[in-house]
$ cat run34.txt   # compact mmCIF, C-alpha atoms
# COMPACT_ATOMS: atom_id res chain seq x y z
CA MET A 1 5.78 -8.75 -35.81
CA SER A 2 8.20 -10.50 -33.47
CA ASP A 3 10.48 -8.48 -31.21
CA ASN A 4 13.35 -10.79 -32.21
CA LEU A 5 16.17 -9.22 -34.25
CA PRO A 6 18.60 -11.02 -36.55
CA GLY A 7 21.36 -10.81 -33.95
CA ASP A 8 19.26 -12.47 -31.21
CA PRO A 9 20.08 -16.00 -30.08
CA LYS A 10 18.13 -18.68 -31.90
CA GLY A 11 15.17 -20.01 -30.00
CA ARG A 12 14.57 -16.83 -28.02
CA PRO A 13 10.82 -16.88 -27.29
CA GLY A 14 8.79 -14.17 -28.99
CA ILE A 15 5.37 -12.68 -28.61
CA LYS A 16 3.81 -15.44 -30.74
CA ALA A 17 5.03 -18.09 -28.32
CA VAL A 18 3.56 -16.15 -25.38
CA ALA A 19 0.23 -15.86 -27.18
CA ALA A 20 0.17 -19.58 -27.96
CA LEU A 21 0.94 -20.61 -24.37
CA ALA A 22 -1.61 -18.19 -22.93
CA GLY A 23 -4.22 -19.23 -25.49
CA VAL A 24 -4.91 -15.66 -26.62
CA GLY A 25 -4.25 -13.52 -29.65
CA ILE A 26 -1.03 -11.64 -30.36
CA ALA A 27 -2.87 -8.31 -30.04
CA SER A 28 -4.02 -9.27 -26.53
CA VAL A 29 -0.47 -10.12 -25.51
CA SER A 30 0.82 -6.84 -26.90
CA ARG A 31 -1.89 -4.90 -25.06
CA VAL A 32 -1.12 -6.56 -21.71
CA LEU A 33 2.67 -6.30 -22.00
CA SER A 34 2.51 -2.61 -22.96
CA GLY A 35 0.18 -1.86 -20.05
CA GLN A 36 -2.72 -0.70 -22.21
CA PRO A 37 -6.20 -0.82 -20.62
CA GLY A 38 -9.02 -3.11 -21.70
CA SER A 39 -7.75 -6.53 -20.60
CA SER A 40 -9.53 -8.48 -17.88
CA PRO A 41 -7.56 -9.44 -14.74
CA GLN A 42 -7.82 -13.12 -15.74
CA LEU A 43 -6.41 -12.50 -19.23
CA THR A 44 -3.66 -10.27 -17.84
CA GLN A 45 -2.63 -12.95 -15.36
CA ARG A 46 -2.54 -15.65 -18.09
CA VAL A 47 -0.35 -13.52 -20.34
CA LEU A 48 2.08 -12.54 -17.57
CA GLU A 49 2.37 -16.14 -16.36
CA ALA A 50 3.04 -17.35 -19.90
CA ALA A 51 5.70 -14.68 -20.41
CA ARG A 52 7.41 -15.62 -17.15
CA THR A 53 7.25 -19.34 -17.98
CA LEU A 54 8.89 -18.79 -21.37
CA GLY A 55 11.40 -16.25 -20.09
CA TYR A 56 10.10 -13.78 -22.64
CA ALA A 57 11.51 -10.25 -22.61
CA PRO A 58 11.15 -7.63 -25.37
CA ASN A 59 14.32 -6.42 -27.00
CA ALA A 60 14.81 -3.36 -24.80
CA LEU A 61 17.72 -1.98 -26.84
CA ALA A 62 15.82 -2.05 -30.11
CA GLN A 63 12.69 -0.59 -28.57
CA GLY A 64 14.68 2.10 -26.81
CA LEU A 65 16.36 3.16 -30.05
CA ARG A 66 13.01 3.31 -31.84
CA ARG A 67 11.37 5.35 -29.11
CA ARG A 68 14.40 7.33 -27.92
CA ALA A 69 13.63 6.11 -24.42
CA THR A 70 15.67 4.68 -21.55
CA ARG A 71 13.23 1.81 -20.89
CA SER A 72 13.44 2.56 -17.17
CA ILE A 73 10.89 3.51 -14.51
CA GLY A 74 11.87 5.35 -11.36
CA PHE A 75 10.33 4.24 -8.07
CA VAL A 76 10.43 6.42 -4.95
CA GLY A 77 9.46 4.59 -1.74
CA SER A 78 9.16 6.15 1.69
CA ASP A 79 10.55 3.08 3.46
CA ILE A 80 11.68 0.10 1.40
CA THR A 81 12.26 -1.95 4.58
CA ASN A 82 8.49 -2.00 5.08
CA PRO A 83 7.10 -5.35 3.79
CA LEU A 84 4.14 -3.47 2.30
CA ILE A 85 6.37 -1.34 0.07
CA ALA A 86 8.52 -4.35 -0.81
CA SER A 87 5.36 -6.09 -2.06
CA ILE A 88 4.31 -3.01 -4.05
CA VAL A 89 7.74 -2.91 -5.72
CA ARG A 90 7.55 -6.65 -6.47
CA GLY A 91 4.13 -6.18 -8.11
CA ALA A 92 5.40 -3.29 -10.22
CA GLU A 93 8.49 -5.23 -11.31
CA SER A 94 6.38 -8.23 -12.35
CA VAL A 95 4.72 -6.04 -14.98
CA LEU A 96 7.62 -3.78 -15.94
CA THR A 97 10.19 -6.56 -16.41
CA VAL A 98 7.93 -8.44 -18.79
CA ALA A 99 7.35 -5.20 -20.71
CA GLY A 100 11.10 -4.72 -21.09
CA PHE A 101 11.54 -1.95 -18.52
CA SER A 102 13.99 -1.82 -15.63
CA VAL A 103 13.16 -0.34 -12.22
CA LEU A 104 15.37 2.24 -10.56
CA LEU A 105 14.44 1.90 -6.89
CA THR A 106 15.14 4.72 -4.44
CA ASN A 107 14.32 5.17 -0.77
CA SER A 108 13.54 8.43 1.04
CA GLY A 109 13.51 6.95 4.54
CA GLY A 110 10.26 8.78 5.28
CA VAL A 111 11.96 12.20 5.00
CA PRO A 112 9.80 14.52 2.82
CA SER A 113 12.69 16.62 1.49
CA VAL A 114 14.45 13.43 0.39
CA ASP A 115 11.35 12.45 -1.61
CA ALA A 116 11.93 15.58 -3.70
CA GLU A 117 15.64 14.86 -4.08
CA ARG A 118 14.96 11.31 -5.28
CA ILE A 119 12.41 12.54 -7.83
CA GLU A 120 14.91 15.06 -9.19
CA VAL A 121 17.71 12.46 -9.37
CA LEU A 122 15.47 10.08 -11.32
CA MET A 123 14.44 12.84 -13.70
CA HIS A 124 18.13 13.56 -14.37
CA ARG A 125 18.49 9.85 -15.17
CA GLN A 126 15.81 10.44 -17.84
CA VAL A 127 13.46 7.73 -16.67
CA ASP A 128 10.44 7.19 -18.88
CA GLY A 129 8.02 7.27 -15.94
CA LEU A 130 7.80 7.57 -12.17
CA ILE A 131 5.96 5.62 -9.48
CA VAL A 132 6.01 7.50 -6.18
CA LEU A 133 4.73 6.78 -2.68
CA PRO A 134 5.46 10.15 -1.05
CA THR A 135 5.82 10.66 2.69
CA LEU A 136 3.56 13.73 2.83
CA GLU A 137 1.04 15.44 0.59
CA ASP A 138 1.89 19.06 1.39
CA ASP A 139 5.69 19.20 1.43
CA PRO A 140 6.68 22.22 -0.71
CA ALA A 141 9.82 20.59 -2.14
CA THR A 142 7.91 17.45 -3.14
CA LEU A 143 5.15 19.51 -4.74
CA LEU A 144 7.69 21.51 -6.75
CA ALA A 145 9.54 18.38 -7.89
CA LEU A 146 6.30 16.75 -9.05
CA ARG A 147 5.20 19.88 -10.92
CA ASN A 148 8.53 19.86 -12.78
CA THR A 149 8.34 16.26 -13.98
CA LYS A 150 8.36 15.72 -17.74
CA CYS A 151 7.20 12.09 -17.78
CA PRO A 152 4.10 10.18 -16.60
CA VAL A 153 3.86 9.99 -12.80
CA VAL A 154 1.76 7.56 -10.79
CA LEU A 155 1.22 8.36 -7.11
CA ILE A 156 0.25 5.56 -4.72
CA ASP A 157 -2.21 6.14 -1.87
CA ARG A 158 -1.91 9.91 -1.69
CA ALA A 159 -4.12 12.89 -2.57
CA PHE A 160 -2.39 15.89 -4.17
CA PRO A 161 -3.63 19.24 -5.50
CA ALA A 162 -5.28 19.20 -8.92
CA ASP A 163 -2.37 21.06 -10.53
CA ILE A 164 -0.03 18.11 -9.91
CA PRO A 165 0.16 16.26 -13.28
CA ALA A 166 -0.19 12.74 -11.93
CA HIS A 167 -2.22 9.55 -12.05
CA TYR A 168 -3.28 7.67 -8.92
CA VAL A 169 -3.56 4.12 -7.62
CA LEU A 170 -5.44 4.16 -4.34
CA SER A 171 -6.51 1.66 -1.70
CA ASP A 172 -10.11 1.87 -0.53
CA HIS A 173 -9.11 2.17 3.14
CA TYR A 174 -12.59 3.30 4.10
CA GLN A 175 -14.18 -0.06 3.22
CA GLY A 176 -11.82 -2.36 5.10
CA MET A 177 -11.55 -0.12 8.16
CA GLY A 178 -15.31 0.35 8.23
CA ASP A 179 -15.79 -3.44 8.20
CA ALA A 180 -13.31 -3.79 11.09
CA ALA A 181 -15.05 -1.06 13.09
CA ARG A 182 -18.47 -2.63 12.60
CA ALA A 183 -17.14 -6.04 13.65
CA LEU A 184 -15.78 -4.60 16.90
CA LEU A 185 -18.93 -2.62 17.63
CA ASP A 186 -21.08 -5.70 16.90
CA LYS A 187 -19.05 -7.62 19.50
CA GLY A 188 -19.97 -4.99 22.08
CA HIS A 189 -16.90 -2.76 22.08
CA ARG A 190 -17.70 0.89 22.61
CA ARG A 191 -14.40 2.52 23.59
CA ILE A 192 -11.95 1.86 20.76
CA GLY A 193 -8.41 3.13 20.26
CA LEU A 194 -7.10 3.95 16.78
CA VAL A 195 -3.38 4.48 16.20
CA VAL A 196 -2.60 6.28 12.95
CA GLY A 197 0.25 8.02 11.16
CA ARG A 198 0.65 11.44 9.63
CA ASP A 199 -2.12 13.46 8.00
CA VAL A 200 -2.22 11.72 4.64
CA ARG A 201 -5.06 10.09 2.74
CA PRO A 202 -4.93 6.62 4.41
CA THR A 203 -5.06 8.20 7.89
CA ARG A 204 -8.00 10.43 7.00
CA GLU A 205 -9.94 7.57 5.43
CA ARG A 206 -9.35 5.26 8.40
CA VAL A 207 -10.48 7.85 10.93
CA ARG A 208 -13.53 8.71 8.83
CA ALA A 209 -14.51 5.05 8.53
CA MET A 210 -14.30 4.51 12.29
CA GLU A 211 -16.35 7.62 13.03
CA ASP A 212 -19.00 6.72 10.46
CA ALA A 213 -19.33 3.21 11.94
CA TYR A 214 -20.32 4.74 15.28
CA ASP A 215 -22.70 7.15 13.59
CA ARG A 216 -24.48 4.45 11.60
CA LEU A 217 -25.31 2.59 14.81
CA GLY A 218 -26.37 5.77 16.57
CA LEU A 219 -23.57 5.40 19.12
CA PRO A 220 -21.49 8.17 20.72
CA ARG A 221 -18.03 8.42 19.13
CA ASP A 222 -16.08 6.92 22.03
CA LEU A 223 -12.97 6.78 19.85
CA ILE A 224 -9.43 7.56 21.00
CA VAL A 225 -7.20 8.61 18.07
CA HIS A 226 -3.43 8.59 18.66
CA ARG A 227 -1.45 10.25 15.86
CA GLY A 228 2.26 10.09 15.13
CA THR A 229 4.71 8.48 12.73
CA LEU A 230 4.15 4.91 11.62
CA SER A 231 6.91 3.19 13.56
CA SER A 232 7.40 0.52 16.19
CA ASP A 233 8.19 3.20 18.79
CA HIS A 234 4.95 5.03 18.04
CA GLY A 235 3.01 1.77 18.38
CA GLU A 236 4.54 1.07 21.80
CA VAL A 237 4.03 4.60 23.13
CA ALA A 238 0.44 4.79 21.84
CA ILE A 239 -0.56 1.50 23.46
CA GLU A 240 1.08 2.43 26.76
CA GLU A 241 -0.73 5.76 26.86
CA MET A 242 -4.09 4.26 25.93
CA LEU A 243 -3.91 1.46 28.47
CA ALA A 244 -2.75 3.85 31.20
CA ASP A 245 -5.94 5.88 30.76
CA ASP A 246 -8.45 5.81 33.60
CA ASP A 247 -10.92 4.35 31.11
CA PRO A 248 -8.80 2.32 28.67
CA PRO A 249 -10.18 1.05 25.36
CA THR A 250 -11.32 -2.56 25.12
CA ALA A 251 -10.19 -2.75 21.48
CA ILE A 252 -7.34 -1.11 19.59
CA VAL A 253 -6.85 -0.75 15.82
CA LEU A 254 -3.39 -0.16 14.38
CA GLY A 255 -3.40 1.86 11.16
CA GLY A 256 -0.17 0.37 9.79
CA ASN A 257 1.92 -2.78 10.08
CA GLN A 258 4.94 -0.75 11.25
CA LEU A 259 3.15 -0.16 14.55
CA LEU A 260 2.61 -3.82 15.32
CA GLU A 261 5.90 -4.88 16.91
CA GLY A 262 5.97 -2.03 19.42
CA ALA A 263 2.27 -2.42 20.19
CA LEU A 264 2.71 -6.12 20.98
CA GLN A 265 5.66 -5.35 23.26
CA ALA A 266 3.48 -3.01 25.33
CA ILE A 267 0.58 -5.47 25.39
CA HIS A 268 2.72 -8.44 26.43
CA ARG A 269 4.49 -6.37 29.06
CA ARG A 270 1.12 -5.86 30.73
CA GLY A 271 0.31 -9.55 30.55
CA LEU A 272 -2.79 -9.00 28.43
CA GLN A 273 -4.25 -11.89 26.42
CA LEU A 274 -5.42 -10.80 22.98
CA GLY A 275 -8.99 -11.77 22.23
CA ARG A 276 -9.77 -12.09 25.94
CA ASP A 277 -8.46 -9.02 27.78
CA LEU A 278 -8.02 -6.77 24.76
CA SER A 279 -9.01 -6.98 21.10
CA LEU A 280 -6.47 -5.95 18.48
CA VAL A 281 -6.73 -5.24 14.74
CA SER A 282 -3.78 -4.41 12.47
CA CYS A 283 -3.54 -3.21 8.88
CA ASP A 284 -1.76 -5.02 6.02
CA ASP A 285 -1.07 -8.70 6.43
CA VAL A 286 2.50 -9.43 7.49
CA PRO A 287 3.79 -12.80 8.79
CA LEU A 288 3.65 -11.58 12.40
CA CYS A 289 -0.13 -11.16 12.09
CA ARG A 290 -0.62 -14.75 10.96
CA PHE A 291 1.92 -16.50 13.17
CA HIS A 292 1.27 -14.64 16.41
CA GLN A 293 -0.73 -16.57 18.99
CA PRO A 294 -3.53 -15.80 18.78
CA PRO A 295 -3.45 -14.68 15.12
CA ILE A 296 -4.15 -10.98 14.71
CA ALA A 297 -7.22 -9.71 12.85
CA THR A 298 -6.19 -7.61 9.88
CA VAL A 299 -7.50 -5.09 7.38
CA MET A 300 -6.17 -6.65 4.19
CA ARG A 301 -5.21 -5.46 0.71
CA ASP A 302 -3.28 -6.89 -2.22
CA ALA A 303 -0.07 -4.85 -2.15
CA GLU A 304 1.39 -6.56 -5.21
CA GLN A 305 -1.72 -5.63 -7.16
CA LEU A 306 -1.18 -2.00 -6.13
CA GLY A 307 2.27 -2.11 -7.69
CA ALA A 308 1.11 -3.98 -10.77
CA ARG A 309 -1.70 -1.50 -11.46
CA ALA A 310 0.69 1.42 -10.94
CA ALA A 311 3.07 -0.13 -13.46
CA GLN A 312 0.29 -0.75 -15.98
CA LEU A 313 -0.91 2.83 -15.58
CA VAL A 314 2.52 4.36 -16.11
CA LEU A 315 3.13 2.16 -19.18
CA THR A 316 -0.22 3.16 -20.65
CA HIS A 317 0.61 6.85 -20.41
CA ILE A 318 4.13 6.40 -21.71
CA GLU A 319 2.63 4.82 -24.81
CA THR A 320 -0.29 7.24 -25.11
CA PRO A 321 -0.16 10.31 -22.85
CA GLY A 322 -3.60 11.22 -21.57
CA THR A 323 -5.63 12.97 -18.90
CA PRO A 324 -5.10 11.96 -15.24
CA GLU A 325 -6.56 8.60 -14.23
CA SER A 326 -7.38 7.23 -10.80
CA VAL A 327 -7.69 3.54 -9.92
CA SER A 328 -9.16 2.32 -6.61
CA LEU A 329 -8.39 -1.16 -5.26
CA PRO A 330 -10.28 -2.91 -2.45
CA THR A 331 -9.43 -3.54 1.18
CA TRP A 332 -11.26 -6.01 3.38
CA PHE A 333 -11.36 -7.18 6.98
CA GLU A 334 -10.22 -10.64 8.02
CA SER A 335 -11.37 -11.46 11.53
CA ARG A 336 -9.04 -13.62 13.62
CA ALA A 337 -8.78 -14.78 17.21
CA SER A 338 -7.30 -11.50 18.46
CA CYS A 339 -10.83 -10.06 18.31
CA GLY A 340 -13.31 -11.08 20.98
CA ALA A 341 -16.08 -9.58 23.05
CA PRO A 342 -15.02 -6.99 25.67
CA SER A 343 -14.21 -8.63 28.99
CA GLY A 344 -15.66 -6.03 31.31
CA THR A 345 -13.12 -4.66 33.73
CA SER A 346 -10.21 -7.01 33.00
CA VAL A 347 -8.23 -4.39 31.07
CA GLN A 348 -8.79 -1.83 33.81
CA ARG A 349 -7.73 -4.23 36.54
CA ARG A 350 -4.54 -5.15 34.69
CA ALA A 351 -3.79 -1.51 33.91
CA ASP A 352 -4.16 -0.68 37.60
CA LYS A 353 -1.91 -3.59 38.53
CA VAL A 354 0.90 -2.38 36.26
CA ARG A 355 0.59 1.18 37.55

$ encode --input "run34.txt" --output "structure tokens"
Amino acid sequence: MSDNLPGDPKGRPGIKAVAALAGVGIASVSRVLSGQPGSSPQLTQRVLEAARTLGYAPNALAQGLRRRATRSIGFVGSDITNPLIASIVRGAESVLTVAGFSVLLTNSGGVPSVDAERIEVLMHRQVDGLIVLPTLEDDPATLLALRNTKCPVVLIDRAFPADIPAHYVLSDHYQGMGDAARALLDKGHRRIGLVVGRDVRPTRERVRAMEDAYDRLGLPRDLIVHRGTLSSDHGEVAIEEMLADDDPPTAIVLGGNQLLEGALQAIHRRGLQLGRDLSLVSCDDVPLCRFHQPPIATVMRDAEQLGARAAQLVLTHIETPGTPESVSLPTWFESRASCGAPSGTSVQRRADKVR
């Protein structure tokens, strides 16, 4: 049955038109647009592209009246100025808009107590589902707010206690970081710096991957881990402290794109040439990684796919509530010219010169 109602403008594309353009059946279109599982990535992409091309949108008012729903999904981001989170939101919207849902986007600014406030505000707005990327995993206010939710919740890249009624979309940080670590060790690096954020799942997985890479090669863990908040200031301070060490690392890995600008400021201030004097790896591909000279090696992931899968998961459980699900998406390492073999004492000499 078409979503069109008698009062709709003539010529408004319906689900049959989407099915015809995508070359699939109406049931397949309905399954994709409602976020139900069972469709291949290729079929899902064809349906979504056809819907966008035709400007198809379900009649949200009619569906809302039938289901007594607001046709809205709340999104809580820790820092919406971060390109990674912007991409996640864009991926979620690409699915939710086609399914006839609006997105209520909120920002906590990386303040855990504000995460809880945003969740509560969205629940008062009676959203049909929540997608949340919390700042921390152990903040009492956030835990209480999540326990009190009455709608499907999808958490991105976090690990919460089993009594939190939520579904998960996770990045396999261990794989991509492990590949980066092995690439550096294969080039001859032994003393490596790792700059990470707070004690949340991505940090733990990145540290574990680096340590395991040493262990697999039977090498001592000559790993310097610098913890803090993921920010430009933290990146700058961490690099300065590492390079001021009597035995500085020959390679540094940044566990977040927010660290990159500050890290590069510290590196350039010392006159170091990436790929020659110091090797550098970042996480999450932002334009600065690609356009910097030399380009910066990066642990990659598809952020839009993270958002799209979160949206599909929340839609599935709005339609048919079920037991908690967890989806894991890949990360991978893309080597670029910022990674080279260690250059002996060049980093030490330059560090001494600056001091």

$ axis_aligned_box --input "run34.txt" --around "segment 173-187 of chain A" --padding-each-side "5 Å" --output "AutoDock Vina command-line options"
--center_x -15.1 --center_y -2.2 --center_z 11.3 --size_x 22.0 --size_y 20.9 --size_z 26.4

$ closest_residue --input "run34.txt" --among "A:Ala22, A:Leu194, A:Glu205, A:Ser232" --to "Leu264 of chain A" --atoms "all atoms listed in the file"
A:Ser232

$ closest_atom_pairs --input "run34.txt" --of "segment 238-282 of chain A" --to "segment 294-312 of chain A" --cutoff "10 Å" --atoms "only C-alpha atoms" --output "Markdown table"
| residue | atom | partner | partner_atom | distance |
| --- | --- | --- | --- | --- |
| A:Val253 | CA | A:Thr298 | CA | 9.1 |
| A:Leu254 | CA | A:Thr298 | CA | 9.1 |
| A:Gly255 | CA | A:Val299 | CA | 8.9 |
| A:Gly256 | CA | A:Val299 | CA | 9.5 |
| A:Asn257 | CA | A:Thr298 | CA | 9.4 |
| A:Leu260 | CA | A:Ile296 | CA | 9.9 |
| A:Gln273 | CA | A:Pro294 | CA | 8.6 |
| A:Leu274 | CA | A:Pro294 | CA | 6.8 |
| A:Gly275 | CA | A:Pro294 | CA | 7.6 |
| A:Ser279 | CA | A:Ala297 | CA | 8.9 |
| A:Leu280 | CA | A:Ile296 | CA | 6.7 |
| A:Val281 | CA | A:Ala297 | CA | 4.9 |
| A:Ser282 | CA | A:Thr298 | CA | 4.8 |

$ write_last_selection --input "run34.txt" --atoms "C-alpha atoms" --output "JSON list (two decimals), in the coordinates of the input"
[["chain", "number", "residue", "atom", "x", "y", "z"],
["A", 253, "VAL", "CA", -6.85, -0.75, 15.82],
["A", 254, "LEU", "CA", -3.39, -0.16, 14.38],
["A", 255, "GLY", "CA", -3.40, 1.86, 11.16],
["A", 256, "GLY", "CA", -0.17, 0.37, 9.79],
["A", 257, "ASN", "CA", 1.92, -2.78, 10.08],
["A", 260, "LEU", "CA", 2.61, -3.82, 15.32],
["A", 273, "GLN", "CA", -4.25, -11.89, 26.42],
["A", 274, "LEU", "CA", -5.42, -10.80, 22.98],
["A", 275, "GLY", "CA", -8.99, -11.77, 22.23],
["A", 279, "SER", "CA", -9.01, -6.98, 21.10],
["A", 280, "LEU", "CA", -6.47, -5.95, 18.48],
["A", 281, "VAL", "CA", -6.73, -5.24, 14.74],
["A", 282, "SER", "CA", -3.78, -4.41, 12.47]]

$ closest_residue --input "run34.txt" --among "A:Val132, A:Ile156, A:Ile26, A:Leu219" --to "Asp172 of chain A" --atoms "all atoms listed in the file"
A:Ile156

$ atom_distance --input "run34.txt" --atom1 "atom CA of Cys283 of chain A" --atom2 "atom CA of Met177 of chain A"
8.6 Å

$ closest_residue --input "run34.txt" --among "A:Glu49, A:Val103, A:Val98, A:His226" --to "Gly193 of chain A" --atoms "all atoms listed in the file"
A:His226

$ residues_near_point --input "run34.txt" --point "(2.3, 14.6, 2.4)" --cutoff "8 Å" --atoms "all atoms listed in the file" --output "VMD selection string"
chain A and resid 112 134 to 139 158 199 to 200

$ atom_distance --input "run34.txt" --atom1 "atom CA of His292 of chain A" --atom2 "atom CA of His173 of chain A"
23.8 Å

$ closest_residue --input "run34.txt" --among "A:Ser335, A:Ser40, A:Ser28, A:Gln258" --to "Arg182 of chain A" --atoms "only C-alpha atoms"
A:Ser335

$ atom_distance --input "run34.txt" --atom1 "atom CA of Val153 of chain A" --atom2 "atom CA of Ile88 of chain A"
15.7 Å

$ residues_around --input "run34.txt" --residues "Gln126 of chain A" --least-positions-apart "2" --cutoff "12 Å" --atoms "only C-alpha atoms" --output "NGL selection string"
:A and (68-74 or 104 or 119-124 or 128-130 or 149-152)

$ write_last_selection --input "run34.txt" --atoms "C-alpha atoms" --output "PDB file, in the coordinates of the input"
ATOM      1  CA  ARG A  68      14.400   7.330 -27.920  1.00  0.00           C
ATOM      2  CA  ALA A  69      13.630   6.110 -24.420  1.00  0.00           C
ATOM      3  CA  THR A  70      15.670   4.680 -21.550  1.00  0.00           C
ATOM      4  CA  ARG A  71      13.230   1.810 -20.890  1.00  0.00           C
ATOM      5  CA  SER A  72      13.440   2.560 -17.170  1.00  0.00           C
ATOM      6  CA  ILE A  73      10.890   3.510 -14.510  1.00  0.00           C
ATOM      7  CA  GLY A  74      11.870   5.350 -11.360  1.00  0.00           C
ATOM      8  CA  LEU A 104      15.370   2.240 -10.560  1.00  0.00           C
ATOM      9  CA  ILE A 119      12.410  12.540  -7.830  1.00  0.00           C
ATOM     10  CA  GLU A 120      14.910  15.060  -9.190  1.00  0.00           C
ATOM     11  CA  VAL A 121      17.710  12.460  -9.370  1.00  0.00           C
ATOM     12  CA  LEU A 122      15.470  10.080 -11.320  1.00  0.00           C
ATOM     13  CA  MET A 123      14.440  12.840 -13.700  1.00  0.00           C
ATOM     14  CA  HIS A 124      18.130  13.560 -14.370  1.00  0.00           C
ATOM     15  CA  ASP A 128      10.440   7.190 -18.880  1.00  0.00           C
ATOM     16  CA  GLY A 129       8.020   7.270 -15.940  1.00  0.00           C
ATOM     17  CA  LEU A 130       7.800   7.570 -12.170  1.00  0.00           C
ATOM     18  CA  THR A 149       8.340  16.260 -13.980  1.00  0.00           C
ATOM     19  CA  LYS A 150       8.360  15.720 -17.740  1.00  0.00           C
ATOM     20  CA  CYS A 151       7.200  12.090 -17.780  1.00  0.00           C
ATOM     21  CA  PRO A 152       4.100  10.180 -16.600  1.00  0.00           C
TER      22      PRO A 152
END

$ closest_residue --input "run34.txt" --among "A:Leu143, A:Ala50, A:Leu170, A:Leu105" --to "Asp79 of chain A" --atoms "only C-alpha atoms"
A:Leu105

$ residues_around --input "run34.txt" --residues "Val29 of chain A" --least-positions-apart "4" --cutoff "9 Å" --atoms "all atoms listed in the file" --output "PyMOL selection string"
chain A and resi 15-16+18-19+22+24-25+33-34+43-44+47-48

$ residues_around --input "run34.txt" --residues "His167 of chain A" --least-positions-apart "5" --cutoff "7 Å" --atoms "only C-alpha atoms" --output "list of chain:residue names"
A:Val153, A:Val154, A:Leu155, A:Pro324, A:Glu325, A:Ser326

$ closest_residue --input "run34.txt" --among "A:Gly271, A:Leu278, A:Arg336, A:Leu230" --to "Met242 of chain A" --atoms "only C-alpha atoms"
A:Leu278

$ residues_around --input "run34.txt" --residues "segment 340-342 of chain A" --least-positions-apart "4" --cutoff "8 Å" --atoms "only C-alpha atoms" --output "PyMOL selection string"
chain A and resi 184+187-189+250-251+275-279

$ residues_near_point --input "run34.txt" --point "(-12.7, 5.3, 9.6)" --cutoff "9 Å" --atoms "only C-alpha atoms" --output "list of chain:residue names"
A:His173, A:Tyr174, A:Gln175, A:Gly176, A:Met177, A:Gly178, A:Ala181, A:Thr203, A:Arg204, A:Glu205, A:Arg206, A:Val207, A:Arg208, A:Ala209, A:Met210, A:Glu211, A:Asp212, A:Ala213
